[in-house]
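For reference, work27.pdb (PDB, C-alpha atoms and all ligand atoms):
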ATOM      1  CA  MET A1190      27.984  31.485 -52.244
ATOM      2  CA  GLY A1191      30.670  31.741 -54.926
ATOM      3  CA  ALA A1192      29.318  32.302 -58.408
ATOM      4  CA  SER A1193      31.305  29.865 -60.444
ATOM      5  CA  VAL A1194      33.143  26.930 -58.963
ATOM      6  CA  ARG A1195      31.103  25.398 -56.197
ATOM      7  CA  LEU A1196      29.290  22.126 -56.347
ATOM      8  CA  LEU A1197      26.003  22.162 -54.449
ATOM      9  CA  ARG A1198      25.921  20.273 -51.152
ATOM     10  CA  ALA A1199      22.258  20.022 -50.151
ATOM     11  CA  VAL A1200      20.106  18.090 -47.690
ATOM     12  CA  LEU A1201      16.427  17.142 -47.883
ATOM     13  CA  MET A1202      14.765  16.500 -44.530
ATOM     14  CA  GLY A1203      11.281  15.633 -43.334
ATOM     15  CA  PRO A1204       9.449  13.035 -41.262
ATOM     16  CA  PRO A1205       8.884   9.532 -42.635
ATOM     17  CA  GLY A1206       6.389   9.694 -45.455
ATOM     18  CA  SER A1207       6.681  13.446 -45.966
ATOM     19  CA  GLY A1208       7.593  12.839 -49.617
ATOM     20  CA  LYS A1209      11.396  13.100 -49.535
ATOM     21  CA  ARG A1210      11.945  10.417 -52.156
ATOM     22  CA  THR A1211       9.080  11.621 -54.320
ATOM     23  CA  VAL A1212      10.483  15.150 -54.306
ATOM     24  CA  ALA A1213      14.079  13.912 -54.718
ATOM     25  CA  LEU A1214      13.048  12.018 -57.838
ATOM     26  CA  ARG A1215      11.481  15.150 -59.309
ATOM     27  CA  ILE A1216      14.606  17.124 -58.423
ATOM     28  CA  THR A1217      16.878  14.673 -60.219
ATOM     29  CA  LYS A1218      14.694  14.963 -63.307
ATOM     30  CA  GLY A1219      14.909  18.764 -63.334
ATOM     31  CA  PHE A1220      18.325  19.524 -61.903
ATOM     32  CA  GLN A1221      21.816  18.134 -62.197
ATOM     33  CA  LEU A1222      21.932  16.800 -58.685
ATOM     34  CA  LYS A1223      22.956  13.349 -57.589
ATOM     35  CA  THR A1224      20.589  12.176 -54.850
ATOM     36  CA  PHE A1225      21.517   9.786 -52.105
ATOM     37  CA  SER A1226      18.955   8.162 -49.778
ATOM     38  CA  SER A1227      20.281   6.694 -46.533
ATOM     39  CA  GLY A1228      17.182   4.499 -46.193
ATOM     40  CA  ASP A1229      17.632   3.057 -49.691
ATOM     41  CA  LEU A1230      21.297   2.369 -48.962
ATOM     42  CA  LEU A1231      20.333   0.482 -45.794
ATOM     43  CA  ARG A1232      17.628  -1.507 -47.586
ATOM     44  CA  ASP A1233      20.149  -2.386 -50.296
ATOM     45  CA  ASN A1234      22.459  -3.737 -47.573
ATOM     46  CA  LEU A1235      19.510  -5.633 -46.123
ATOM     47  CA  LEU A1236      18.727  -7.248 -49.471
ATOM     48  CA  ARG A1237      22.362  -8.237 -49.951
ATOM     49  CA  ASP A1238      22.483  -9.586 -46.402
ATOM     50  CA  THR A1239      25.642  -7.639 -45.564
ATOM     51  CA  GLU A1240      26.883  -7.272 -41.990
ATOM     52  CA  ILE A1241      25.526  -3.729 -41.869
ATOM     53  CA  GLY A1242      22.230  -4.881 -43.384
ATOM     54  CA  VAL A1243      21.741  -7.545 -40.723
ATOM     55  CA  LEU A1244      22.521  -5.063 -37.957
ATOM     56  CA  ALA A1245      20.390  -2.285 -39.476
ATOM     57  CA  LYS A1246      17.338  -4.547 -39.711
ATOM     58  CA  VAL A1247      17.195  -4.890 -35.922
ATOM     59  CA  PHE A1248      16.883  -1.117 -35.531
ATOM     60  CA  MET A1249      14.693  -0.504 -38.577
ATOM     61  CA  ASP A1250      12.164  -3.148 -37.538
ATOM     62  CA  GLN A1251      11.704  -1.331 -34.241
ATOM     63  CA  GLY A1252      11.402   2.074 -35.893
ATOM     64  CA  LYS A1253      14.677   3.145 -34.270
ATOM     65  CA  LEU A1254      17.577   5.001 -35.826
ATOM     66  CA  ILE A1255      20.791   3.166 -36.735
ATOM     67  CA  PRO A1256      23.658   4.131 -34.383
ATOM     68  CA  ASP A1257      25.361   7.353 -35.442
ATOM     69  CA  ASP A1258      28.866   5.958 -35.896
ATOM     70  CA  ILE A1259      27.695   3.262 -38.335
ATOM     71  CA  MET A1260      25.401   5.570 -40.273
ATOM     72  CA  THR A1261      27.960   8.340 -40.508
ATOM     73  CA  ARG A1262      30.745   6.047 -41.663
ATOM     74  CA  LEU A1263      28.477   4.485 -44.290
ATOM     75  CA  THR A1264      27.270   7.825 -45.634
ATOM     76  CA  LEU A1265      30.604   9.624 -45.705
ATOM     77  CA  HIS A1266      32.147   6.626 -47.442
ATOM     78  CA  GLN A1267      29.447   6.793 -50.113
ATOM     79  CA  LEU A1268      29.810  10.552 -50.544
ATOM     80  CA  LYS A1269      33.519  10.172 -51.298
ATOM     81  CA  THR A1270      32.486   8.598 -54.603
ATOM     82  CA  PHE A1271      30.583  11.774 -55.632
ATOM     83  CA  THR A1272      33.539  14.109 -56.104
ATOM     84  CA  GLN A1273      32.583  15.851 -59.312
ATOM     85  CA  GLU A1274      28.817  16.141 -58.847
ATOM     86  CA  SER A1275      26.460  18.330 -56.906
ATOM     87  CA  TRP A1276      24.522  16.204 -54.442
ATOM     88  CA  LEU A1277      21.370  16.100 -52.358
ATOM     89  CA  LEU A1278      21.220  13.907 -49.265
ATOM     90  CA  CYS A1279      17.860  12.414 -48.457
ATOM     91  CA  GLY A1280      17.396  11.053 -44.905
ATOM     92  CA  PHE A1281      20.846  11.986 -43.600
ATOM     93  CA  PRO A1282      21.628  13.615 -41.185
ATOM     94  CA  ARG A1283      18.913  12.618 -38.712
ATOM     95  CA  THR A1284      20.680  13.439 -35.440
ATOM     96  CA  LEU A1285      22.903  16.249 -34.202
ATOM     97  CA  PRO A1286      26.059  14.070 -34.094
ATOM     98  CA  GLN A1287      25.401  13.088 -37.742
ATOM     99  CA  ALA A1288      24.944  16.753 -38.717
ATOM    100  CA  GLU A1289      28.159  17.724 -36.953
ATOM    101  CA  ALA A1290      30.121  14.912 -38.597
ATOM    102  CA  LEU A1291      28.768  15.938 -42.013
ATOM    103  CA  GLU A1292      29.687  19.564 -41.338
ATOM    104  CA  ARG A1293      33.263  18.558 -40.531
ATOM    105  CA  ALA A1294      33.561  16.893 -43.935
ATOM    106  CA  TYR A1295      31.561  19.256 -46.182
ATOM    107  CA  GLN A1296      30.101  22.731 -46.137
ATOM    108  CA  ILE A1297      26.331  22.322 -46.503
ATOM    109  CA  HIS A1298      24.862  25.091 -48.642
ATOM    110  CA  LEU A1299      21.176  24.476 -48.206
ATOM    111  CA  VAL A1300      18.740  22.307 -46.310
ATOM    112  CA  MET A1301      15.152  21.839 -47.425
ATOM    113  CA  SER A1302      12.659  20.585 -44.872
ATOM    114  CA  LEU A1303       9.304  19.071 -45.836
ATOM    115  CA  ASN A1304       6.716  19.778 -43.176
ATOM    116  CA  VAL A1305       3.688  17.493 -43.529
ATOM    117  CA  PRO A1306       1.155  16.761 -40.742
ATOM    118  CA  SER A1307       1.360  13.339 -39.035
ATOM    119  CA  GLU A1308      -2.245  12.422 -39.886
ATOM    120  CA  VAL A1309      -1.531  12.888 -43.595
ATOM    121  CA  ILE A1310       1.638  10.807 -43.267
ATOM    122  CA  LYS A1311      -0.163   7.908 -41.578
ATOM    123  CA  GLN A1312      -2.734   7.814 -44.352
ATOM    124  CA  ARG A1313      -0.084   7.874 -47.078
ATOM    125  CA  LEU A1314       2.140   5.197 -45.627
ATOM    126  CA  SER A1315      -0.666   2.699 -45.281
ATOM    127  CA  ALA A1316      -0.774   2.779 -49.096
ATOM    128  CA  ARG A1317       2.973   2.968 -49.865
ATOM    129  CA  TRP A1318       4.463   0.205 -51.989
ATOM    130  CA  ILE A1319       8.101   0.067 -53.013
ATOM    131  CA  HIS A1320      10.318  -1.708 -55.498
ATOM    132  CA  PRO A1321      13.097  -2.823 -53.143
ATOM    133  CA  SER A1322      16.037  -3.043 -55.521
ATOM    134  CA  SER A1323      15.554   0.381 -57.178
ATOM    135  CA  GLY A1324      13.892   2.299 -54.332
ATOM    136  CA  ARG A1325      11.046   3.363 -56.677
ATOM    137  CA  VAL A1326       8.067   4.312 -54.590
ATOM    138  CA  TYR A1327       4.347   4.076 -55.358
ATOM    139  CA  ASN A1328       1.131   4.926 -53.602
ATOM    140  CA  LEU A1329      -2.188   3.316 -54.389
ATOM    141  CA  GLU A1330      -3.953   6.701 -54.379
ATOM    142  CA  PHE A1331      -1.264   9.156 -55.445
ATOM    143  CA  ASN A1332       0.941   7.392 -57.983
ATOM    144  CA  PRO A1333      -0.274   3.813 -58.470
ATOM    145  CA  PRO A1334       1.811   1.388 -60.533
ATOM    146  CA  LYS A1335       0.528   0.666 -64.047
ATOM    147  CA  ALA A1336      -0.177  -2.934 -63.039
ATOM    148  CA  ILE A1337      -1.259  -3.502 -59.448
ATOM    149  CA  GLY A1338       1.566  -4.944 -57.345
ATOM    150  CA  LEU A1339       4.239  -4.679 -60.054
ATOM    151  CA  ASP A1340       7.083  -2.234 -60.703
ATOM    152  CA  ASP A1341       6.496  -0.137 -63.848
ATOM    153  CA  LEU A1342       9.991  -0.598 -65.254
ATOM    154  CA  THR A1343      10.970  -4.147 -64.350
ATOM    155  CA  GLY A1344       7.590  -5.817 -63.780
ATOM    156  CA  GLU A1345       9.009  -7.203 -60.522
ATOM    157  CA  PRO A1346       6.782  -7.480 -57.427
ATOM    158  CA  LEU A1347       6.302  -4.488 -55.155
ATOM    159  CA  VAL A1348       6.329  -4.863 -51.377
ATOM    160  CA  GLN A1349       5.072  -2.879 -48.403
ATOM    161  CA  ARG A1350       7.778  -1.825 -45.961
ATOM    162  CA  GLU A1351       7.517  -3.636 -42.640
ATOM    163  CA  ASP A1352       8.375  -0.428 -40.830
ATOM    164  CA  ASP A1353       5.348   1.313 -42.408
ATOM    165  CA  ARG A1354       3.066  -0.701 -40.097
ATOM    166  CA  PRO A1355       1.247   1.645 -37.679
ATOM    167  CA  GLU A1356       3.102   0.576 -34.471
ATOM    168  CA  THR A1357       6.544   0.976 -36.059
ATOM    169  CA  LEU A1358       5.535   4.169 -37.821
ATOM    170  CA  ASN A1359       4.607   5.735 -34.478
ATOM    171  CA  GLN A1360       8.115   4.943 -33.205
ATOM    172  CA  ARG A1361       9.658   6.522 -36.311
ATOM    173  CA  LEU A1362       7.559   9.657 -35.922
ATOM    174  CA  LYS A1363       8.678   9.856 -32.294
ATOM    175  CA  ALA A1364      12.336   9.415 -33.309
ATOM    176  CA  TYR A1365      11.845  12.293 -35.742
ATOM    177  CA  GLU A1366      10.408  14.542 -33.007
ATOM    178  CA  ASP A1367      13.071  13.676 -30.436
ATOM    179  CA  GLN A1368      16.221  13.218 -32.502
ATOM    180  CA  THR A1369      15.759  14.889 -35.886
ATOM    181  CA  LYS A1370      13.901  18.099 -35.052
ATOM    182  CA  PRO A1371      16.977  19.450 -33.199
ATOM    183  CA  VAL A1372      18.858  19.088 -36.510
ATOM    184  CA  LEU A1373      16.370  21.489 -38.136
ATOM    185  CA  GLU A1374      17.186  23.996 -35.394
ATOM    186  CA  TYR A1375      20.915  23.450 -35.982
ATOM    187  CA  TYR A1376      20.536  24.340 -39.662
ATOM    188  CA  ARG A1377      18.128  27.205 -38.935
ATOM    189  CA  GLU A1378      20.821  28.799 -36.775
ATOM    190  CA  LYS A1379      23.320  28.387 -39.600
ATOM    191  CA  GLY A1380      20.906  30.247 -41.888
ATOM    192  CA  VAL A1381      20.627  27.470 -44.496
ATOM    193  CA  LEU A1382      17.177  26.038 -43.659
ATOM    194  CA  GLU A1383      14.186  26.462 -45.963
ATOM    195  CA  THR A1384      10.878  24.888 -44.888
ATOM    196  CA  PHE A1385       8.097  23.771 -47.248
ATOM    197  CA  SER A1386       4.767  23.057 -45.579
ATOM    198  CA  GLY A1387       1.707  21.389 -47.061
ATOM    199  CA  THR A1388      -0.387  18.268 -47.322
ATOM    200  CA  LYS A1389       0.209  17.477 -51.003
ATOM    201  CA  THR A1390       3.465  16.970 -52.875
ATOM    202  CA  ASP A1391       1.926  18.553 -55.958
ATOM    203  CA  GLN A1392       1.551  21.784 -53.962
ATOM    204  CA  ILE A1393       4.953  21.586 -52.287
ATOM    205  CA  TRP A1394       6.904  20.670 -55.416
ATOM    206  CA  PRO A1395       6.444  23.962 -57.370
ATOM    207  CA  CYS A1396       7.775  25.840 -54.323
ATOM    208  CA  VAL A1397      10.785  23.536 -54.034
ATOM    209  CA  ARG A1398      11.480  23.871 -57.753
ATOM    210  CA  ALA A1399      11.217  27.657 -57.678
ATOM    211  CA  PHE A1400      13.511  27.787 -54.661
ATOM    212  CA  LEU A1401      16.120  25.523 -56.257
ATOM    213  CA  GLN A1402      16.045  27.567 -59.445
ATOM    214  CA  THR A1403      17.270  30.546 -57.446
ATOM    215  CA  LYS A1404      20.126  28.479 -56.017
ATOM    216  CA  VAL A1405      21.319  25.987 -58.556
ATOM    217  CA  PRO A1406      22.098  28.403 -61.411
ATOM    218  CA  GLN A1407      24.592  30.105 -59.107
ATOM    219  CA  ILE A1408      26.581  26.919 -59.072
ATOM    220  CA  ASP A1409      28.645  25.904 -62.017
ATOM    221  CA  GLN A1410      27.743  22.230 -62.165
ATOM    222  CA  LYS A1411      30.242  21.477 -64.863
ATOM    223  CA  ALA A1412      33.203  22.960 -63.022
ATOM    224  CA  SER A1413      35.814  20.380 -62.241
ATOM    225  CA  VAL A1414      36.757  21.140 -58.657
ATOM    226  CA  THR A1415      37.228  19.413 -55.341
ATOM    227  CA  PRO A1416      34.133  19.171 -53.073
TER
HETATM  228  N1  LIG B1501      -1.762  10.689 -51.209
HETATM  229  C1  LIG B1501      -0.556  11.207 -51.434
HETATM  230  N2  LIG B1501       0.525  10.399 -51.383
HETATM  231  C2  LIG B1501       1.731  10.963 -51.606
HETATM  232  C3  LIG B1501       1.922  12.336 -51.895
HETATM  233  N3  LIG B1501       3.258  12.564 -52.062
HETATM  234  C4  LIG B1501       3.882  11.380 -51.884
HETATM  235  N4  LIG B1501       2.953  10.410 -51.631
HETATM  236  C5  LIG B1501       3.163   8.996 -51.341
HETATM  237  O1  LIG B1501       3.426   8.935 -49.941
HETATM  238  C6  LIG B1501       4.368   7.912 -49.651
HETATM  239  C7  LIG B1501       5.572   8.530 -48.960
HETATM  240  O2  LIG B1501       6.321   9.290 -49.887
HETATM  241  P1  LIG B1501       7.920   9.102 -49.963
HETATM  242  O3  LIG B1501       8.424   9.976 -51.057
HETATM  243  O4  LIG B1501       8.253   7.653 -50.007
HETATM  244  O5  LIG B1501       8.327   9.740 -48.524
HETATM  245  P2  LIG B1501       9.650   9.662 -47.655
HETATM  246  O6  LIG B1501       9.439   8.555 -46.656
HETATM  247  O7  LIG B1501       9.733  11.011 -46.982
HETATM  248  O8  LIG B1501      10.800   9.415 -48.600
HETATM  249  C8  LIG B1501       4.679   7.233 -50.986
HETATM  250  O9  LIG B1501       3.793   6.133 -51.123
HETATM  251  C9  LIG B1501       4.346   8.318 -52.019
HETATM  252  O10 LIG B1501       3.991   7.762 -53.280
HETATM  253  C10 LIG B1501       0.753  13.165 -51.959
HETATM  254  O11 LIG B1501       0.803  14.381 -52.183
HETATM  255  N5  LIG B1501      -0.435  12.544 -51.716
HETATM  256  N1  LIG B1502      20.474   8.952 -41.143
HETATM  257  C1  LIG B1502      19.989   7.876 -40.515
HETATM  258  N2  LIG B1502      20.335   7.616 -39.226
HETATM  259  C2  LIG B1502      19.861   6.549 -38.572
HETATM  260  N3  LIG B1502      18.990   5.678 -39.097
HETATM  261  C3  LIG B1502      18.602   5.885 -40.383
HETATM  262  C4  LIG B1502      19.088   6.983 -41.154
HETATM  263  N4  LIG B1502      18.524   6.923 -42.380
HETATM  264  C5  LIG B1502      17.722   5.852 -42.383
HETATM  265  N5  LIG B1502      17.760   5.217 -41.183
HETATM  266  C6  LIG B1502      17.021   3.998 -40.800
HETATM  267  O1  LIG B1502      16.266   3.552 -41.909
HETATM  268  C7  LIG B1502      14.853   3.635 -41.646
HETATM  269  C8  LIG B1502      14.123   4.028 -42.910
HETATM  270  O2  LIG B1502      14.600   5.287 -43.338
HETATM  271  P1  LIG B1502      14.028   5.961 -44.657
HETATM  272  O3  LIG B1502      14.001   4.969 -45.753
HETATM  273  O4  LIG B1502      14.761   7.237 -44.875
HETATM  274  O5  LIG B1502      12.511   6.154 -44.331
HETATM  275  P2  LIG B1502      11.558   7.311 -43.944
HETATM  276  O6  LIG B1502      12.041   8.623 -44.358
HETATM  277  O7  LIG B1502      10.313   6.860 -44.629
HETATM  278  O8  LIG B1502      11.540   7.155 -42.449
HETATM  279  C9  LIG B1502      14.743   4.620 -40.482
HETATM  280  O9  LIG B1502      13.560   4.424 -39.724
HETATM  281  C10 LIG B1502      16.005   4.262 -39.693
HETATM  282  O10 LIG B1502      15.837   3.066 -38.959
END
Give the structure from the file, written as structure tokens.
Amino acid sequence: MGASVRLLRAVLMGPPGSGKRTVALRITKGFQLKTFSSGDLLRDNLLRDTEIGVLAKVFMDQGKLIPDDIMTRLTLHQLKTFTQESWLLCGFPRTLPQAEALERAYQIHLVMSLNVPSEVIKQRLSARWIHPSSGRVYNLEFNPPKAIGLDDLTGEPLVQREDDRPETLNQRLKAYEDQTKPVLEYYREKGVLETFSGTKTDQIWPCVRAFLQTKVPQIDQKASVTP
């Protein structure tokens, strides 16, 4: 990797509930990385009742992935607005065609994969609450809101995601096994995959931070260059 002028192009992967957003939030606090969550973007479309939001809901409610062409177009369009920043994608790519389309547009420097057992995930997601408009995420055991049922910053009501219900979650875990695991292999072969295994974010996070510290300083975040 060049020492001075590259902006970091990174991906954070992991099954539903593995802690991607929790880790991404910690990363944005410690590093100059713009994070982008495909799930949050879809939920934002859902809230605004856009054409994509209406379509996405049908797939999301069944725990299925959104078709690749729609998801890829949406994501690449969004990424075009991040020209001068290093970025970290959270939840994209989730299929091989998405990974290949991303690769055609950008060189991906590193991919971090969170590896958390399914039983731990099921437990966590039964207690996940989110603030829909900001994407802030809470957990009744791990990081409860200051006031039960309310977002810490806005005081607005928190909701549970419909797709966190056990039947839908099983579908999402299956989609991860069938469609997303091959993407891990794709990046492993490219030599950019780093896996972090554990059952607690507080154990995984120091490893992620230490790993990023060896990577991010090599990249001049202030350099004004094309992606
Ligand atoms: N009990 C517990 N919950 C956690 C831990 N890490 C994250 N969570 C919670 O687990 C849920 C899933 O985490 P999230 O970051 O939303 O995962 P994502 O679906 O991969 O983006 C959220 O409710 C988090 O607050 C942990 O170490 N222990
Ligand atoms: N890259 C993607 N490709 C296809 N569908 C996606 C993608 N990202 C998100 N989705 C849809 O949004 C849902 C929620 O995604 P996300 O918020 O990332 O949740 P989680 O990581 O908890 O599964 C997925 O189950 C899927 O239906």
Which residues of chain A have any atom within 10 Å of an atom in ligand LIG 1501 (chain B) when counting all atoms listed in the file, and what is the closest pair of atoms for each, with the distance in Å to one decimal? Order the rows by chain and rising number and write it as JSON lines.
{"residue": "A:Leu1201", "atom": "CA", "partner": "B:LIG1501", "partner_atom": "O7", "distance": 9.1}
{"residue": "A:Met1202", "atom": "CA", "partner": "B:LIG1501", "partner_atom": "O7", "distance": 7.8}
{"residue": "A:Gly1203", "atom": "CA", "partner": "B:LIG1501", "partner_atom": "O7", "distance": 6.1}
{"residue": "A:Pro1204", "atom": "CA", "partner": "B:LIG1501", "partner_atom": "O7", "distance": 6.1}
{"residue": "A:Pro1205", "atom": "CA", "partner": "B:LIG1501", "partner_atom": "O6", "distance": 4.2}
{"residue": "A:Gly1206", "atom": "CA", "partner": "B:LIG1501", "partner_atom": "O6", "distance": 3.5}
{"residue": "A:Ser1207", "atom": "CA", "partner": "B:LIG1501", "partner_atom": "O7", "distance": 4.0}
{"residue": "A:Gly1208", "atom": "CA", "partner": "B:LIG1501", "partner_atom": "O3", "distance": 3.3}
{"residue": "A:Lys1209", "atom": "CA", "partner": "B:LIG1501", "partner_atom": "O7", "distance": 3.7}
{"residue": "A:Arg1210", "atom": "CA", "partner": "B:LIG1501", "partner_atom": "O3", "distance": 3.7}
{"residue": "A:Thr1211", "atom": "CA", "partner": "B:LIG1501", "partner_atom": "O3", "distance": 3.7}
{"residue": "A:Val1212", "atom": "CA", "partner": "B:LIG1501", "partner_atom": "O3", "distance": 6.4}
{"residue": "A:Ala1213", "atom": "CA", "partner": "B:LIG1501", "partner_atom": "O3", "distance": 7.8}
{"residue": "A:Leu1214", "atom": "CA", "partner": "B:LIG1501", "partner_atom": "O3", "distance": 8.5}
{"residue": "A:Ser1226", "atom": "CA", "partner": "B:LIG1501", "partner_atom": "O8", "distance": 8.3}
{"residue": "A:Gly1228", "atom": "CA", "partner": "B:LIG1501", "partner_atom": "O8", "distance": 8.4}
{"residue": "A:Asp1229", "atom": "CA", "partner": "B:LIG1501", "partner_atom": "O8", "distance": 9.4}
{"residue": "A:Cys1279", "atom": "CA", "partner": "B:LIG1501", "partner_atom": "O8", "distance": 7.7}
{"residue": "A:Gly1280", "atom": "CA", "partner": "B:LIG1501", "partner_atom": "O8", "distance": 7.7}
{"residue": "A:Leu1303", "atom": "CA", "partner": "B:LIG1501", "partner_atom": "O7", "distance": 8.2}
{"residue": "A:Val1305", "atom": "CA", "partner": "B:LIG1501", "partner_atom": "O7", "distance": 9.5}
{"residue": "A:Val1309", "atom": "CA", "partner": "B:LIG1501", "partner_atom": "N1", "distance": 7.9}
{"residue": "A:Ile1310", "atom": "CA", "partner": "B:LIG1501", "partner_atom": "O1", "distance": 7.2}
{"residue": "A:Lys1311", "atom": "CA", "partner": "B:LIG1501", "partner_atom": "O1", "distance": 9.2}
{"residue": "A:Gln1312", "atom": "CA", "partner": "B:LIG1501", "partner_atom": "N1", "distance": 7.5}
{"residue": "A:Arg1313", "atom": "CA", "partner": "B:LIG1501", "partner_atom": "O1", "distance": 4.7}
{"residue": "A:Leu1314", "atom": "CA", "partner": "B:LIG1501", "partner_atom": "C6", "distance": 5.3}
{"residue": "A:Ser1315", "atom": "CA", "partner": "B:LIG1501", "partner_atom": "O9", "distance": 8.1}
{"residue": "A:Ala1316", "atom": "CA", "partner": "B:LIG1501", "partner_atom": "O9", "distance": 6.0}
{"residue": "A:Arg1317", "atom": "CA", "partner": "B:LIG1501", "partner_atom": "O9", "distance": 3.5}
{"residue": "A:Trp1318", "atom": "CA", "partner": "B:LIG1501", "partner_atom": "O9", "distance": 6.0}
{"residue": "A:Ile1319", "atom": "CA", "partner": "B:LIG1501", "partner_atom": "O9", "distance": 7.7}
{"residue": "A:Gly1324", "atom": "CA", "partner": "B:LIG1501", "partner_atom": "O4", "distance": 8.9}
{"residue": "A:Arg1325", "atom": "CA", "partner": "B:LIG1501", "partner_atom": "O4", "distance": 8.4}
{"residue": "A:Val1326", "atom": "CA", "partner": "B:LIG1501", "partner_atom": "O10", "distance": 5.5}
{"residue": "A:Tyr1327", "atom": "CA", "partner": "B:LIG1501", "partner_atom": "O10", "distance": 4.2}
{"residue": "A:Asn1328", "atom": "CA", "partner": "B:LIG1501", "partner_atom": "O9", "distance": 3.8}
{"residue": "A:Leu1329", "atom": "CA", "partner": "B:LIG1501", "partner_atom": "O9", "distance": 7.4}
{"residue": "A:Glu1330", "atom": "CA", "partner": "B:LIG1501", "partner_atom": "N1", "distance": 5.5}
{"residue": "A:Phe1331", "atom": "CA", "partner": "B:LIG1501", "partner_atom": "N1", "distance": 4.5}
{"residue": "A:Asn1332", "atom": "CA", "partner": "B:LIG1501", "partner_atom": "O10", "distance": 5.6}
{"residue": "A:Pro1333", "atom": "CA", "partner": "B:LIG1501", "partner_atom": "O10", "distance": 7.8}
{"residue": "A:Pro1334", "atom": "CA", "partner": "B:LIG1501", "partner_atom": "O10", "distance": 9.9}
{"residue": "A:Gln1349", "atom": "CA", "partner": "B:LIG1501", "partner_atom": "O9", "distance": 9.5}
{"residue": "A:Asp1353", "atom": "CA", "partner": "B:LIG1501", "partner_atom": "O6", "distance": 9.3}
{"residue": "A:Gly1387", "atom": "CA", "partner": "B:LIG1501", "partner_atom": "O11", "distance": 8.7}
{"residue": "A:Thr1388", "atom": "CA", "partner": "B:LIG1501", "partner_atom": "O11", "distance": 6.3}
{"residue": "A:Lys1389", "atom": "CA", "partner": "B:LIG1501", "partner_atom": "O11", "distance": 3.4}
{"residue": "A:Thr1390", "atom": "CA", "partner": "B:LIG1501", "partner_atom": "O11", "distance": 3.8}
{"residue": "A:Asp1391", "atom": "CA", "partner": "B:LIG1501", "partner_atom": "O11", "distance": 5.7}
{"residue": "A:Gln1392", "atom": "CA", "partner": "B:LIG1501", "partner_atom": "O11", "distance": 7.7}
{"residue": "A:Ile1393", "atom": "CA", "partner": "B:LIG1501", "partner_atom": "O11", "distance": 8.3}
{"residue": "A:Trp1394", "atom": "CA", "partner": "B:LIG1501", "partner_atom": "O11", "distance": 9.3}
Practice problem: One decimal, Å: what's the distance from atom CA of Asn1359 of chain A over to atom CA of Asp1257 of chain A, could you say? | Solution: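 Pair atom CA of Asn1359 of chain A / atom CA of Asp1257 of chain A returns 20.8 Å.
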Quiz item: Is there a way to get, as an NGL selection string, all residues within 10 Å of the point (10.3, 2.8, -39.8) in file coordinates, counting only C-alpha atoms?
Solution: :A and (1205-1206 or 1228 or 1248-1254 or 1350-1362 or 1364)
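We find atom CA of Ser1275 of chain A and atom CA of Lys1370 of chain A to be spaced 25.2 Å apart.
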Self-check item: Nearest residue to Gln1221 of chain A from the set A:Asp1258, A:Asp1233, A:Asp1367, A:Glu1274 (distances using all atoms listed in the file)
Solution: A:Glu1274
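Between atom N4 of ligand LIG 1502 (chain B) and atom CA of Gly1338 of chain A there is a distance of 25.5 Å.
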Quiz item: From the set A:Leu1235, A:Leu1268, A:Met1260, A:Cys1396, which residue has the shortest atom-to-atom contact distance to ligand LIG 1502 (chain B), counting all atoms listed in the file?
Solution: A:Met1260
Quiz item: Using all atoms listed in the file, which residue out of A:Val1348, A:Val1300, A:Leu1285, A:Ile1255 lies closest to ligand LIG 1502 (chain B)?
Solution: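 Among the listed residues, the smallest separation from ligand LIG 1502 (chain B) belongs to A:Ile1255.
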Could you pull segment 1351-1358 of chain A out of the structure just shown and give N, CA, C and O atoms as an mmCIF file, in the first residue's frame?
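Listed below is the output, out-v2.cif:
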data_model
loop_
_atom_site.group_PDB
_atom_site.id
_atom_site.type_symbol
_atom_site.label_atom_id
_atom_site.label_comp_id
_atom_site.auth_asym_id
_atom_site.auth_seq_id
_atom_site.Cartn_x
_atom_site.Cartn_y
_atom_site.Cartn_z
ATOM 1 N N GLU A 1351 -38.376 -5.583 12.899
ATOM 2 C CA GLU A 1351 -39.244 -6.731 12.619
ATOM 3 C C GLU A 1351 -38.429 -7.932 12.181
ATOM 4 O O GLU A 1351 -38.768 -9.077 12.470
ATOM 5 N N ASP A 1352 -37.331 -7.658 11.460
ATOM 6 C CA ASP A 1352 -36.552 -8.795 10.947
ATOM 7 C C ASP A 1352 -35.646 -9.403 12.019
ATOM 8 O O ASP A 1352 -34.914 -10.337 11.738
ATOM 9 N N ASP A 1353 -35.694 -8.897 13.247
ATOM 10 C CA ASP A 1353 -34.963 -9.545 14.352
ATOM 11 C C ASP A 1353 -35.804 -10.641 15.013
ATOM 12 O O ASP A 1353 -35.329 -11.317 15.934
ATOM 13 N N ARG A 1354 -37.055 -10.816 14.544
ATOM 14 C CA ARG A 1354 -37.870 -11.904 15.118
ATOM 15 C C ARG A 1354 -37.236 -13.241 14.742
ATOM 16 O O ARG A 1354 -36.646 -13.365 13.651
ATOM 17 N N PRO A 1355 -37.353 -14.261 15.634
ATOM 18 C CA PRO A 1355 -36.595 -15.501 15.427
ATOM 19 C C PRO A 1355 -36.760 -16.135 14.042
ATOM 20 O O PRO A 1355 -35.772 -16.547 13.436
ATOM 21 N N GLU A 1356 -37.994 -16.182 13.480
ATOM 22 C CA GLU A 1356 -38.179 -16.862 12.184
ATOM 23 C C GLU A 1356 -37.387 -16.124 11.108
ATOM 24 O O GLU A 1356 -36.708 -16.747 10.280
ATOM 25 N N THR A 1357 -37.491 -14.790 11.097
ATOM 26 C CA THR A 1357 -36.810 -14.012 10.053
ATOM 27 C C THR A 1357 -35.302 -14.052 10.265
ATOM 28 O O THR A 1357 -34.527 -14.128 9.309
ATOM 29 N N LEU A 1358 -34.902 -14.043 11.533
ATOM 30 C CA LEU A 1358 -33.467 -14.083 11.824
ATOM 31 C C LEU A 1358 -32.850 -15.373 11.284
ATOM 32 O O LEU A 1358 -31.756 -15.353 10.713
#
